[in-house]
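Visitor: Got start34.pdb for you, PDB, C-alpha atoms:
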```pdb
MODEL        1
ATOM      1  CA  MET A   1      24.076  35.673  36.907  1.00  0.00           C
ATOM      2  CA  ALA A   2      22.180  37.426  34.102  1.00  0.00           C
ATOM      3  CA  ARG A   3      25.031  36.374  31.803  1.00  0.00           C
ATOM      4  CA  ALA A   4      24.617  32.687  32.767  1.00  0.00           C
ATOM      5  CA  THR A   5      20.901  32.905  32.075  1.00  0.00           C
ATOM      6  CA  LYS A   6      21.580  34.524  28.684  1.00  0.00           C
ATOM      7  CA  ARG A   7      24.147  31.849  27.836  1.00  0.00           C
ATOM      8  CA  GLY A   8      21.729  29.098  28.946  1.00  0.00           C
ATOM      9  CA  SER A   9      18.928  30.425  26.754  1.00  0.00           C
ATOM     10  CA  SER A  10      21.383  30.886  23.856  1.00  0.00           C
ATOM     11  CA  GLU A  11      22.521  27.256  24.165  1.00  0.00           C
ATOM     12  CA  GLU A  12      18.900  26.166  24.344  1.00  0.00           C
ATOM     13  CA  THR A  13      18.097  28.154  21.194  1.00  0.00           C
ATOM     14  CA  ASP A  14      21.109  26.645  19.401  1.00  0.00           C
ATOM     15  CA  GLU A  15      20.007  23.162  20.394  1.00  0.00           C
ATOM     16  CA  LYS A  16      16.476  23.806  19.101  1.00  0.00           C
ATOM     17  CA  GLU A  17      17.915  25.109  15.812  1.00  0.00           C
ATOM     18  CA  ARG A  18      20.085  21.975  15.442  1.00  0.00           C
ATOM     19  CA  GLN A  19      17.055  19.792  16.124  1.00  0.00           C
ATOM     20  CA  ARG A  20      14.970  21.680  13.543  1.00  0.00           C
ATOM     21  CA  LEU A  21      17.764  21.372  10.980  1.00  0.00           C
ATOM     22  CA  ALA A  22      18.158  17.658  11.668  1.00  0.00           C
ATOM     23  CA  ASP A  23      14.399  17.207  11.387  1.00  0.00           C
ATOM     24  CA  ARG A  24      14.286  19.043   8.039  1.00  0.00           C
ATOM     25  CA  VAL A  25      17.247  17.100   6.634  1.00  0.00           C
ATOM     26  CA  LEU A  26      15.889  13.738   7.778  1.00  0.00           C
ATOM     27  CA  GLY A  27      12.409  14.636   6.501  1.00  0.00           C
ATOM     28  CA  PHE A  28      13.901  15.501   3.116  1.00  0.00           C
ATOM     29  CA  LEU A  29      15.875  12.237   3.010  1.00  0.00           C
ATOM     30  CA  GLU A  30      12.755  10.310   3.998  1.00  0.00           C
ATOM     31  CA  ASP A  31      10.886  11.906   1.094  1.00  0.00           C
ATOM     32  CA  VAL A  32      13.753  11.022  -1.269  1.00  0.00           C
ATOM     33  CA  VAL A  33      13.533   7.366  -0.211  1.00  0.00           C
ATOM     34  CA  TYR A  34       9.739   7.347  -0.618  1.00  0.00           C
ATOM     35  CA  TRP A  35      10.097   8.901  -4.089  1.00  0.00           C
ATOM     36  CA  ALA A  36      12.689   6.275  -5.039  1.00  0.00           C
ATOM     37  CA  VAL A  37      10.353   3.502  -3.884  1.00  0.00           C
ATOM     38  CA  ALA A  38       7.505   5.106  -5.856  1.00  0.00           C
ATOM     39  CA  VAL A  39       9.627   5.232  -9.016  1.00  0.00           C
ATOM     40  CA  VAL A  40      10.596   1.566  -8.629  1.00  0.00           C
ATOM     41  CA  LEU A  41       6.930   0.627  -8.132  1.00  0.00           C
ATOM     42  CA  VAL A  42       5.865   2.578 -11.232  1.00  0.00           C
ATOM     43  CA  ILE A  43       8.609   0.999 -13.343  1.00  0.00           C
ATOM     44  CA  GLY A  44       7.750  -2.441 -11.952  1.00  0.00           C
ATOM     45  CA  SER A  45       4.048  -1.914 -12.705  1.00  0.00           C
ATOM     46  CA  MET A  46       4.820  -0.911 -16.280  1.00  0.00           C
ATOM     47  CA  ALA A  47       7.129  -3.907 -16.718  1.00  0.00           C
ATOM     48  CA  LEU A  48       4.437  -6.235 -15.363  1.00  0.00           C
ATOM     49  CA  LEU A  49       1.858  -4.709 -17.701  1.00  0.00           C
ATOM     50  CA  VAL A  50       4.110  -5.279 -20.718  1.00  0.00           C
ATOM     51  CA  ALA A  51       4.807  -8.819 -19.483  1.00  0.00           C
ATOM     52  CA  GLN A  52       1.051  -9.484 -19.331  1.00  0.00           C
ATOM     53  CA  PHE A  53       0.614  -8.426 -22.950  1.00  0.00           C
ATOM     54  CA  ASN A  54       3.529 -10.666 -23.918  1.00  0.00           C
ATOM     55  CA  THR A  55       1.987 -13.547 -21.952  1.00  0.00           C
ATOM     56  CA  MET A  56      -1.288 -13.164 -23.811  1.00  0.00           C
ATOM     57  CA  LEU A  57       0.522 -13.167 -27.153  1.00  0.00           C
ATOM     58  CA  ARG A  58       2.762 -16.099 -26.216  1.00  0.00           C
ATOM     59  CA  LEU A  59      -0.144 -18.208 -24.977  1.00  0.00           C
ATOM     60  CA  ARG A  60      -2.573 -17.453 -27.807  1.00  0.00           C
ATOM     61  CA  ASN A  61      -2.645 -21.131 -28.895  1.00  0.00           C
ATOM     62  CA  THR A  62      -3.309 -22.492 -25.399  1.00  0.00           C
ATOM     63  CA  PRO A  63      -6.699 -23.072 -23.770  1.00  0.00           C
ATOM     64  CA  ALA A  64      -8.562 -19.927 -22.710  1.00  0.00           C
ATOM     65  CA  SER A  65      -8.670 -21.024 -19.063  1.00  0.00           C
ATOM     66  CA  THR A  66      -4.856 -21.141 -18.933  1.00  0.00           C
ATOM     67  CA  ILE A  67      -4.555 -17.723 -20.543  1.00  0.00           C
ATOM     68  CA  MET A  68      -7.118 -16.193 -18.193  1.00  0.00           C
ATOM     69  CA  LEU A  69      -5.411 -17.682 -15.132  1.00  0.00           C
ATOM     70  CA  GLU A  70      -2.024 -16.322 -16.192  1.00  0.00           C
ATOM     71  CA  VAL A  71      -3.450 -12.902 -17.021  1.00  0.00           C
ATOM     72  CA  LEU A  72      -5.505 -12.721 -13.821  1.00  0.00           C
ATOM     73  CA  ASP A  73      -2.466 -13.732 -11.772  1.00  0.00           C
ATOM     74  CA  GLY A  74      -0.397 -10.997 -13.405  1.00  0.00           C
ATOM     75  CA  LEU A  75      -3.101  -8.353 -13.147  1.00  0.00           C
ATOM     76  CA  LEU A  76      -3.588  -9.014  -9.443  1.00  0.00           C
ATOM     77  CA  LEU A  77       0.158  -8.565  -9.017  1.00  0.00           C
ATOM     78  CA  ILE A  78      -0.105  -5.232 -10.858  1.00  0.00           C
ATOM     79  CA  PHE A  79      -2.943  -4.214  -8.513  1.00  0.00           C
ATOM     80  CA  ILE A  80      -0.667  -5.046  -5.580  1.00  0.00           C
ATOM     81  CA  PHE A  81       2.058  -2.802  -7.012  1.00  0.00           C
ATOM     82  CA  VAL A  82      -0.420   0.029  -7.609  1.00  0.00           C
ATOM     83  CA  GLU A  83      -1.851  -0.292  -4.102  1.00  0.00           C
ATOM     84  CA  LEU A  84       1.681  -0.159  -2.681  1.00  0.00           C
ATOM     85  CA  LEU A  85       2.244   2.967  -4.778  1.00  0.00           C
ATOM     86  CA  TYR A  86      -0.881   4.463  -3.191  1.00  0.00           C
ATOM     87  CA  ALA A  87       0.514   3.583   0.239  1.00  0.00           C
ATOM     88  CA  VAL A  88       3.777   5.365  -0.586  1.00  0.00           C
ATOM     89  CA  ARG A  89       1.825   8.360  -1.893  1.00  0.00           C
ATOM     90  CA  SER A  90      -0.168   8.472   1.349  1.00  0.00           C
ATOM     91  CA  CYS A  91       3.050   8.342   3.359  1.00  0.00           C
ATOM     92  CA  LEU A  92       4.506  11.206   1.334  1.00  0.00           C
ATOM     93  CA  ARG A  93       1.363  13.281   1.776  1.00  0.00           C
ATOM     94  CA  SER A  94       0.752  12.757   5.480  1.00  0.00           C
ATOM     95  CA  HIS A  95       4.274  11.844   6.677  1.00  0.00           C
ATOM     96  CA  GLU A  96       2.875   8.876   8.543  1.00  0.00           C
ATOM     97  CA  ILE A  97       2.306   5.256   7.630  1.00  0.00           C
ATOM     98  CA  VAL A  98      -1.312   4.484   6.887  1.00  0.00           C
ATOM     99  CA  ALA A  99      -2.239   0.849   7.542  1.00  0.00           C
ATOM    100  CA  GLU A 100      -5.249   0.538   5.244  1.00  0.00           C
ATOM    101  CA  PRO A 101      -3.367   0.340   1.898  1.00  0.00           C
ATOM    102  CA  PHE A 102      -1.157  -2.405   3.305  1.00  0.00           C
ATOM    103  CA  LEU A 103      -4.232  -4.330   4.453  1.00  0.00           C
ATOM    104  CA  ILE A 104      -5.620  -4.050   0.935  1.00  0.00           C
ATOM    105  CA  VAL A 105      -2.317  -5.347  -0.459  1.00  0.00           C
ATOM    106  CA  GLY A 106      -2.668  -8.331   1.860  1.00  0.00           C
ATOM    107  CA  ILE A 107      -6.235  -8.889   0.675  1.00  0.00           C
ATOM    108  CA  LEU A 108      -5.154  -8.755  -2.968  1.00  0.00           C
ATOM    109  CA  ALA A 109      -2.236 -11.113  -2.334  1.00  0.00           C
ATOM    110  CA  GLY A 110      -4.548 -13.556  -0.555  1.00  0.00           C
ATOM    111  CA  ILE A 111      -7.094 -13.430  -3.374  1.00  0.00           C
ATOM    112  CA  LYS A 112      -4.320 -13.948  -5.912  1.00  0.00           C
ATOM    113  CA  GLU A 113      -3.179 -17.099  -4.132  1.00  0.00           C
ATOM    114  CA  ILE A 114      -6.763 -18.336  -3.696  1.00  0.00           C
ATOM    115  CA  VAL A 115      -7.382 -18.008  -7.445  1.00  0.00           C
ATOM    116  CA  VAL A 116      -4.191 -19.851  -8.351  1.00  0.00           C
ATOM    117  CA  LEU A 117      -4.776 -22.595  -5.772  1.00  0.00           C
ATOM    118  CA  SER A 118      -8.402 -23.029  -6.859  1.00  0.00           C
ATOM    119  CA  VAL A 119      -7.373 -23.750 -10.422  1.00  0.00           C
ATOM    120  CA  GLU A 120      -4.600 -26.076  -9.238  1.00  0.00           C
ATOM    121  CA  ALA A 121      -7.022 -27.844  -6.867  1.00  0.00           C
ATOM    122  CA  ALA A 122      -9.323 -28.602  -9.783  1.00  0.00           C
ATOM    123  CA  THR A 123      -6.496 -30.575 -11.418  1.00  0.00           C
ATOM    124  CA  LEU A 124      -5.736 -32.400  -8.146  1.00  0.00           C
ATOM    125  CA  LEU A 125      -9.204 -33.908  -7.659  1.00  0.00           C
ATOM    126  CA  LYS A 126      -7.875 -37.413  -8.360  1.00  0.00           C
ATOM    127  CA  ASP A 127      -4.979 -37.005  -5.904  1.00  0.00           C
ATOM    128  CA  GLY A 128      -6.757 -37.046  -2.515  1.00  0.00           C
ATOM    129  CA  PRO A 129      -4.015 -35.853  -0.126  1.00  0.00           C
ATOM    130  CA  GLN A 130      -2.781 -33.073  -2.432  1.00  0.00           C
ATOM    131  CA  PHE A 131      -6.335 -31.940  -3.074  1.00  0.00           C
ATOM    132  CA  SER A 132      -7.078 -31.901   0.665  1.00  0.00           C
ATOM    133  CA  ARG A 133      -3.938 -29.856   1.321  1.00  0.00           C
ATOM    134  CA  ALA A 134      -4.961 -27.351  -1.377  1.00  0.00           C
ATOM    135  CA  VAL A 135      -8.477 -27.037   0.081  1.00  0.00           C
ATOM    136  CA  VAL A 136      -7.085 -26.428   3.581  1.00  0.00           C
ATOM    137  CA  GLU A 137      -4.686 -23.813   2.193  1.00  0.00           C
ATOM    138  CA  ILE A 138      -7.558 -22.094   0.371  1.00  0.00           C
ATOM    139  CA  ALA A 139      -9.602 -22.101   3.593  1.00  0.00           C
ATOM    140  CA  VAL A 140      -6.746 -20.592   5.624  1.00  0.00           C
ATOM    141  CA  LEU A 141      -6.160 -17.924   2.965  1.00  0.00           C
ATOM    142  CA  SER A 142      -9.889 -17.168   2.888  1.00  0.00           C
ATOM    143  CA  VAL A 143      -9.974 -16.649   6.649  1.00  0.00           C
ATOM    144  CA  GLY A 144      -6.901 -14.409   6.355  1.00  0.00           C
ATOM    145  CA  VAL A 145      -8.563 -12.343   3.617  1.00  0.00           C
ATOM    146  CA  LEU A 146     -11.702 -12.051   5.724  1.00  0.00           C
ATOM    147  CA  VAL A 147      -9.717 -10.879   8.769  1.00  0.00           C
ATOM    148  CA  LEU A 148      -7.836  -8.318   6.658  1.00  0.00           C
ATOM    149  CA  ALA A 149     -11.086  -7.089   5.086  1.00  0.00           C
ATOM    150  CA  VAL A 150     -12.751  -6.651   8.482  1.00  0.00           C
ATOM    151  CA  SER A 151      -9.637  -4.827   9.736  1.00  0.00           C
ATOM    152  CA  ALA A 152      -9.681  -2.474   6.731  1.00  0.00           C
ATOM    153  CA  PHE A 153     -13.390  -1.838   7.244  1.00  0.00           C
ATOM    154  CA  VAL A 154     -12.922  -1.089  10.951  1.00  0.00           C
ATOM    155  CA  LEU A 155     -10.025   1.285  10.203  1.00  0.00           C
ATOM    156  CA  ARG A 156     -12.050   3.085   7.547  1.00  0.00           C
ATOM    157  CA  GLU A 157     -15.064   3.448   9.835  1.00  0.00           C
ATOM    158  CA  ARG A 158     -12.882   4.609  12.714  1.00  0.00           C
ATOM    159  CA  ARG A 159     -11.181   7.198  10.527  1.00  0.00           C
ATOM    160  CA  HIS A 160     -14.563   8.353   9.242  1.00  0.00           C
ATOM    161  CA  ASN A 161     -15.946   8.708  12.780  1.00  0.00           C
ATOM    162  CA  ASP A 162     -12.807  10.491  14.063  1.00  0.00           C
ATOM    163  CA  ARG A 163     -13.041  13.312  11.515  1.00  0.00           C
ATOM    164  CA  ASP A 164     -13.625  16.726  12.953  1.00  0.00           C
ATOM    165  CA  PRO A 165     -16.824  18.377  11.573  1.00  0.00           C
ATOM    166  CA  VAL A 166     -14.934  21.654  11.038  1.00  0.00           C
ATOM    167  CA  GLU A 167     -12.218  19.785   9.119  1.00  0.00           C
ATOM    168  CA  GLU A 168     -14.908  18.016   7.059  1.00  0.00           C
ATOM    169  CA  ASP A 169     -16.536  21.363   6.190  1.00  0.00           C
ATOM    170  CA  ALA A 170     -13.158  22.739   5.078  1.00  0.00           C
ATOM    171  CA  ARG A 171     -12.611  19.694   2.802  1.00  0.00           C
ATOM    172  CA  GLN A 172     -16.072  20.107   1.332  1.00  0.00           C
ATOM    173  CA  GLU A 173     -15.401  23.794   0.623  1.00  0.00           C
ATOM    174  CA  GLU A 174     -12.097  22.866  -1.085  1.00  0.00           C
ATOM    175  CA  LYS A 175     -13.905  20.360  -3.308  1.00  0.00           C
ATOM    176  CA  THR A 176     -16.563  22.926  -4.185  1.00  0.00           C
ATOM    177  CA  ALA A 177     -13.968  25.598  -4.958  1.00  0.00           C
ATOM    178  CA  SER A 178     -11.821  23.320  -7.112  1.00  0.00           C
ATOM    179  CA  GLY A 179     -14.717  21.543  -8.865  1.00  0.00           C
TER     180      GLY A 179
ENDMDL
END
```
Translate this structure into structure tokens?
Guide:
Amino acid sequence: MARATKRGSSEETDEKERQRLADRVLGFLEDVVYWAVAVVLVIGSMALLVAQFNTMLRLRNTPASTIMLEVLDGLLLIFIFVELLYAVRSCLRSHEIVAEPFLIVGILAGIKEIVVLSVEAATLLKDGPQFSRAVVEIAVLSVGVLVLAVSAFVLRERRHNDRDPVEEDARQEEKTASG
């Protein structure tokens, strides 16, 4: 009977070791995927930045409002890429998905569309139904941005209130020691 108990605990130990190994391997592969996504986002951000400079050079003989709209549209897209990069960095650091960066990406995307639609709506003033459709779309996007902003604020406040005072003191000491 002692032998059966020994064998049972040995099998249990082996199973725990296999689970730990699987967890380490999958964790490593998860990090590899996150790193690959981060690299693609960095390369994409750089490509978009170069494209924005090219756009400014290509459009130098066009009205300033057109240039600014194109540049603003591109820069907001770059901000979206950078915010997604921050989200990936947060996931790599904490090994959990943090919602706040994705909410900010949604806010930026909504603002980007609002800006583009606002400029387009100004050209549609003479075309009643198209102008009305653009105004409704801007209103819906604005409500969406507001909802996302409130959600991000609530998450930030909740995270701030959930911090442990001991943990906060340790962070403060780290900042003091490193700074």
Visitor: What is the distance, in Å and to one decimal place, between atom CA of A:Ala64 and atom CA of A:Phe81?
Guide: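 Separating atom CA of A:Ala64 from atom CA of A:Phe81 is a distance of 25.5 Å.
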Visitor: Kindly compute an axis-aligned box around the listed atoms of stretch 34-49 of chain A, allowing 6 Å on each side, and express its centre and edge lengths in Å to one decimal as AutoDock Vina command-line options.
Guide:
```
--center_x 7.3 --center_y 1.3 --center_z -9.2 --size_x 22.8 --size_y 27.1 --size_z 29.1
```
Visitor: In Å, how far is it from atom CA of A:Val71 to atom CA of A:Gln52?
Guide: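 Computing the Euclidean distance for atom CA of A:Val71 and atom CA of A:Gln52 yields 6.1 Å.
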Visitor: Which protein, DNA or RNA residues are at most 8 Å from (3.5, -3.6, -10.8) in the file's coordinates when you count all atoms listed in the file, listed as a list in words?
Guide: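 Neighbouring residues, ordered by chain and number, come to Leu41, Val42, Ile43, Gly44, Ser45, Met46, Ala47, Leu48, Leu49, Leu77, Ile78, Phe79, Ile80, Phe81 and Val82 of chain A.
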Visitor: Pull out every residue that the PyMOL selection byres ((chain A and resi 135-140) around 10) matches in the shown coordinates and put them as a PyMOL selection string.
Guide: chain A and resi 110-111+113-118+121+129-134+141-146
Visitor: Using atom CA of A:Ala36 and atom CA of A:Val50 as the two end points, give the distance in Å to one decimal.
Guide: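 It comes out at 21.3 Å.
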Visitor: Using only C-alpha atoms for the distances, tell me which of A:Glu17, A:Asp162, A:Glu30, A:Glu83 is nearest to A:Glu100.
Guide: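 Using only C-alpha atoms, the shortest distance to A:Glu100 belongs to A:Glu83.
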Visitor: Given the file shown, enumerate the residues that the PyMOL selection byres ((chain A and resi 148) around 8) captures and present them as an mmCIF file with C-alpha atoms, in the coordinates of the input.
Guide:
```
data_model
loop_
_atom_site.group_PDB
_atom_site.id
_atom_site.type_symbol
_atom_site.label_atom_id
_atom_site.label_comp_id
_atom_site.auth_asym_id
_atom_site.auth_seq_id
_atom_site.Cartn_x
_atom_site.Cartn_y
_atom_site.Cartn_z
ATOM 1 C CA LEU A 103 -4.232 -4.330 4.453
ATOM 2 C CA ILE A 104 -5.620 -4.050 0.935
ATOM 3 C CA GLY A 106 -2.668 -8.331 1.860
ATOM 4 C CA ILE A 107 -6.235 -8.889 0.675
ATOM 5 C CA GLY A 144 -6.901 -14.409 6.355
ATOM 6 C CA VAL A 145 -8.563 -12.343 3.617
ATOM 7 C CA LEU A 146 -11.702 -12.051 5.724
ATOM 8 C CA VAL A 147 -9.717 -10.879 8.769
ATOM 9 C CA ALA A 149 -11.086 -7.089 5.086
ATOM 10 C CA VAL A 150 -12.751 -6.651 8.482
ATOM 11 C CA SER A 151 -9.637 -4.827 9.736
ATOM 12 C CA ALA A 152 -9.681 -2.474 6.731
#
```
Visitor: Restricting the calculation to all atoms listed in the file, which member of A:Ala38, A:Leu155, A:Val25, A:Val33 is positioned closest to A:Arg89?
Guide: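 Among A:Ala38, A:Leu155, A:Val25, A:Val33, it is A:Ala38 that comes nearest to A:Arg89.
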